[in-house]
Amino acid sequence: MSPKLLRVLFAFLFLLSFGLLLASSYLRVEELAGAEALADSSCSLLIRLCAEELSAGKPYLVNPSGLSSLEFRRRVGEREVEFRVWAEDADGRRWGPFGPSPPEGRQRCSLTAPVSLLENRPVPGRMGLEVWWA
């Protein structure tokens with residue numbers, strides 16, 4: 001083989017490898033951007049639930065009896081999400097999970113936040129949320 005033909009062959013292989021790497025990294029960047037948007041939407045939804053909708057007079061003082069009456073499909077920002085939610089007190093008593101089961105093979109985001117649960121009196125607990133694109 002002539003050196004000129006080898007150079008052309010190596011240049012072609014280099015360009016092909018570079019093109020394949022560029023295409024695969026673009027797909028990965030799109031996946032990561034979707035995960036970032038889902039995480040932002042999940043945080044926004046968790047704050048809205050804890051500070052407004054389930055609040056028993058004060059932010060992050062949550063009434064767990066309201067979990068079952070939530071609407072589990074919401075519009076957050078420009079997209080719709082579905083979610084399931086649960087709460088647990090420090091003694092291990094658990095409410096939920098409430099909401100649909102997440103679909104297999106879809107991107108999900110799970111968050112847990114410390115809250116005070118209002119039973120007869122405020123007790124320490126946590127609230128969990130699992131979110132996916134609708």
# chains A, B, ... in the order shown; residues from 1 in each chain; ligands from 1
>>> select_by_dssp(residues="chain A", states="alpha helix (DSSP H)", output="ChimeraX atom specification")
/A:3-48
>>> closest_atom_pairs(of="segment 34-132 of chain A", to="segment 17-29 of chain A", cutoff="12 Å", atoms="only C-alpha atoms", output="CSV")
residue,atom,partner,partner_atom,distance
A:Gly34,CA,A:Val29,CA,8.6
A:Ala35,CA,A:Val29,CA,9.8
A:Glu36,CA,A:Val29,CA,10.4
>>> closest_residue(among="A:Ala134, A:Val123, A:Leu6, A:Leu15", to="Glu82 of chain A", atoms="only C-alpha atoms")
A:Ala134
>>> residues_around(residues="Arg75 of chain A", least_positions_apart="6", cutoff="12 Å", atoms="only C-alpha atoms", output="short mmCIF file (atom, residue, chain, number, x, y, z; two decimals) with N, CA, C and O atoms, in the first residue's frame")
data_model
loop_
_atom_site.label_atom_id
_atom_site.label_comp_id
_atom_site.auth_asym_id
_atom_site.auth_seq_id
_atom_site.Cartn_x
_atom_site.Cartn_y
_atom_site.Cartn_z
N SER A 41 -38.25 20.31 37.85
CA SER A 41 -39.71 20.21 37.97
C SER A 41 -40.10 19.47 39.25
O SER A 41 -41.07 19.83 39.92
N SER A 42 -39.33 18.44 39.61
CA SER A 42 -39.60 17.67 40.82
C SER A 42 -39.43 18.54 42.07
O SER A 42 -40.25 18.50 42.98
N SER A 44 -39.63 21.80 42.25
CA SER A 44 -40.71 22.79 42.25
C SER A 44 -42.02 22.17 42.75
O SER A 44 -42.74 22.78 43.55
N LEU A 45 -42.32 20.96 42.30
CA LEU A 45 -43.54 20.29 42.73
C LEU A 45 -43.50 19.95 44.22
O LEU A 45 -44.48 20.15 44.94
N VAL A 81 -46.22 16.47 34.26
CA VAL A 81 -45.58 15.39 35.00
C VAL A 81 -46.65 14.58 35.72
O VAL A 81 -47.75 15.07 35.98
N GLU A 82 -46.31 13.35 36.02
CA GLU A 82 -47.10 12.50 36.90
C GLU A 82 -46.22 12.16 38.08
O GLU A 82 -44.99 12.15 37.96
N PHE A 83 -46.84 11.85 39.21
CA PHE A 83 -46.03 11.57 40.38
C PHE A 83 -46.77 10.66 41.34
O PHE A 83 -47.97 10.45 41.25
N VAL A 131 -41.25 11.38 40.48
CA VAL A 131 -41.83 12.14 39.38
C VAL A 131 -41.30 11.61 38.05
O VAL A 131 -40.13 11.25 37.94
N TRP A 132 -42.15 11.63 37.02
CA TRP A 132 -41.75 11.28 35.66
C TRP A 132 -42.57 12.10 34.69
O TRP A 132 -43.61 12.64 35.04
N TRP A 133 -42.08 12.23 33.46
CA TRP A 133 -42.81 12.99 32.45
C TRP A 133 -44.09 12.25 32.06
O TRP A 133 -44.09 11.05 31.89
N ALA A 134 -45.17 12.99 31.93
CA ALA A 134 -46.46 12.39 31.56
C ALA A 134 -46.51 12.13 30.07
O ALA A 134 -45.81 12.68 29.29
#
>>> closest_residue(among="A:Arg79, A:Arg121, A:Arg73, A:Arg7", to="Asp40 of chain A", atoms="only C-alpha atoms")
A:Arg79
>>> closest_residue(among="A:Ser110, A:Tyr60, A:Gly77, A:Pro97", to="Pro122 of chain A", atoms="only C-alpha atoms")
A:Tyr60
>>> atom_distance(atom1="atom CA of Ser65 of chain A", atom2="atom CA of Leu49 of chain A")
13.1 Å
>>> residues_around(residues="Gly96 of chain A", least_positions_apart="4", cutoff="9 Å", atoms="only C-alpha atoms", output="JSON, numbers by chain")
{"A": [67, 68, 84, 85, 86, 87, 88]}
>>> select_by_dssp(residues="segment 6-82 of chain A", states="strand (DSSP E or B)", output="list in words")
Ser55, Leu61, Val62, Arg73, Arg74, Arg75, Val76, Arg79, Glu80, Val81 and Glu82 of chain A
>>> closest_residue(among="A:Ala90, A:Leu129, A:Val76, A:Val62", to="Ser116 of chain A", atoms="only C-alpha atoms")
A:Val62
>>> residues_around(residues="Asp89 of chain A", least_positions_apart="2", cutoff="6 Å", atoms="only C-alpha atoms", output="JSON, numbers by chain")
{"A": [91, 92, 93, 124, 125]}
>>> atom_distance(atom1="atom CA of Gly66 of chain A", atom2="atom CA of Glu78 of chain A")
26.1 Å
>>> atom_distance(atom1="atom CA of Ala113 of chain A", atom2="atom CA of Leu46 of chain A")
8.1 Å
>>> decode(residues="segment 78-91 of chain A", atoms="all heavy atoms", output="short mmCIF file (atom, residue, chain, number, x, y, z; two decimals), in the first residue's frame")
data_model
loop_
_atom_site.label_atom_id
_atom_site.label_comp_id
_atom_site.auth_asym_id
_atom_site.auth_seq_id
_atom_site.Cartn_x
_atom_site.Cartn_y
_atom_site.Cartn_z
N GLU A 78 -43.43 24.11 31.45
CA GLU A 78 -43.98 23.91 30.12
C GLU A 78 -44.45 22.48 29.86
O GLU A 78 -45.05 22.21 28.84
CB GLU A 78 -42.93 24.28 29.07
CG GLU A 78 -42.48 25.72 29.15
CD GLU A 78 -41.36 26.01 28.18
OE1 GLU A 78 -40.95 25.10 27.43
OE2 GLU A 78 -40.88 27.15 28.17
N ARG A 79 -44.17 21.56 30.79
CA ARG A 79 -44.49 20.16 30.53
C ARG A 79 -45.35 19.59 31.64
O ARG A 79 -45.43 20.13 32.73
CB ARG A 79 -43.20 19.35 30.42
CG ARG A 79 -42.37 19.82 29.23
CD ARG A 79 -41.16 19.01 29.01
NE ARG A 79 -41.46 17.63 28.63
CZ ARG A 79 -40.54 16.74 28.41
NH1 ARG A 79 -39.28 17.06 28.51
NH2 ARG A 79 -40.86 15.50 28.08
N GLU A 80 -45.98 18.46 31.34
CA GLU A 80 -46.79 17.77 32.34
C GLU A 80 -46.00 16.64 32.97
O GLU A 80 -45.23 15.96 32.30
CB GLU A 80 -48.07 17.22 31.70
CG GLU A 80 -49.07 18.28 31.40
CD GLU A 80 -50.45 17.71 31.15
OE1 GLU A 80 -50.67 16.51 31.35
OE2 GLU A 80 -51.31 18.50 30.75
N VAL A 81 -46.22 16.47 34.26
CA VAL A 81 -45.58 15.39 35.00
C VAL A 81 -46.65 14.58 35.72
O VAL A 81 -47.75 15.07 35.98
CB VAL A 81 -44.55 15.91 36.02
CG1 VAL A 81 -43.41 16.62 35.33
CG2 VAL A 81 -45.18 16.80 37.06
N GLU A 82 -46.31 13.35 36.02
CA GLU A 82 -47.10 12.50 36.90
C GLU A 82 -46.22 12.16 38.08
O GLU A 82 -44.99 12.15 37.96
CB GLU A 82 -47.55 11.22 36.19
CG GLU A 82 -48.67 11.44 35.21
CD GLU A 82 -49.19 10.13 34.65
OE1 GLU A 82 -48.35 9.33 34.19
OE2 GLU A 82 -50.40 9.91 34.70
N PHE A 83 -46.84 11.85 39.21
CA PHE A 83 -46.03 11.57 40.38
C PHE A 83 -46.77 10.66 41.34
O PHE A 83 -47.97 10.45 41.25
CB PHE A 83 -45.62 12.87 41.08
CG PHE A 83 -46.76 13.65 41.68
CD1 PHE A 83 -47.10 13.52 43.01
CD2 PHE A 83 -47.49 14.54 40.90
CE1 PHE A 83 -48.14 14.24 43.56
CE2 PHE A 83 -48.53 15.27 41.44
CZ PHE A 83 -48.86 15.12 42.77
N ARG A 84 -46.00 10.11 42.27
CA ARG A 84 -46.54 9.41 43.42
C ARG A 84 -45.86 9.98 44.65
O ARG A 84 -44.73 10.45 44.59
CB ARG A 84 -46.39 7.90 43.30
CG ARG A 84 -44.99 7.42 43.43
CD ARG A 84 -44.78 5.99 43.03
NE ARG A 84 -45.64 5.09 43.77
CZ ARG A 84 -45.61 3.78 43.62
NH1 ARG A 84 -44.79 3.24 42.76
NH2 ARG A 84 -46.40 3.02 44.33
N VAL A 85 -46.56 9.96 45.77
CA VAL A 85 -46.08 10.64 46.97
C VAL A 85 -46.34 9.76 48.18
O VAL A 85 -47.26 8.93 48.18
CB VAL A 85 -46.76 12.03 47.10
CG1 VAL A 85 -48.24 11.90 47.31
CG2 VAL A 85 -46.14 12.87 48.17
N TRP A 86 -45.52 9.91 49.20
CA TRP A 86 -45.70 9.18 50.46
C TRP A 86 -45.16 10.04 51.59
O TRP A 86 -44.41 10.99 51.37
CB TRP A 86 -45.00 7.83 50.43
CG TRP A 86 -43.54 7.90 50.11
CD1 TRP A 86 -42.96 7.80 48.87
CD2 TRP A 86 -42.46 8.11 51.03
NE1 TRP A 86 -41.59 7.94 48.96
CE2 TRP A 86 -41.26 8.13 50.29
CE3 TRP A 86 -42.39 8.27 52.40
CZ2 TRP A 86 -40.02 8.31 50.86
CZ3 TRP A 86 -41.13 8.45 52.98
CH2 TRP A 86 -39.98 8.46 52.21
N ALA A 87 -45.55 9.70 52.80
CA ALA A 87 -45.04 10.37 54.00
C ALA A 87 -44.76 9.32 55.06
O ALA A 87 -45.40 8.26 55.09
CB ALA A 87 -46.03 11.40 54.52
N GLU A 88 -43.81 9.61 55.93
CA GLU A 88 -43.43 8.68 56.99
C GLU A 88 -43.00 9.49 58.21
O GLU A 88 -42.27 10.46 58.09
CB GLU A 88 -42.28 7.80 56.51
CG GLU A 88 -41.84 6.75 57.48
CD GLU A 88 -40.76 5.86 56.89
OE1 GLU A 88 -39.91 6.36 56.13
OE2 GLU A 88 -40.77 4.67 57.21
N ASP A 89 -43.49 9.08 59.39
CA ASP A 89 -43.05 9.78 60.60
C ASP A 89 -41.82 9.10 61.17
O ASP A 89 -41.35 8.08 60.67
CB ASP A 89 -44.19 9.90 61.62
CG ASP A 89 -44.66 8.57 62.20
OD1 ASP A 89 -43.98 7.55 61.99
OD2 ASP A 89 -45.69 8.56 62.88
N ALA A 90 -41.29 9.67 62.25
CA ALA A 90 -40.03 9.18 62.83
C ALA A 90 -40.17 7.78 63.43
O ALA A 90 -39.19 7.05 63.55
CB ALA A 90 -39.55 10.15 63.91
N ASP A 91 -41.39 7.37 63.77
CA ASP A 91 -41.62 6.04 64.33
C ASP A 91 -41.80 4.97 63.26
O ASP A 91 -41.99 3.80 63.57
CB ASP A 91 -42.85 6.05 65.23
CG ASP A 91 -42.66 6.93 66.46
OD1 ASP A 91 -41.50 7.07 66.91
OD2 ASP A 91 -43.66 7.50 66.94
#
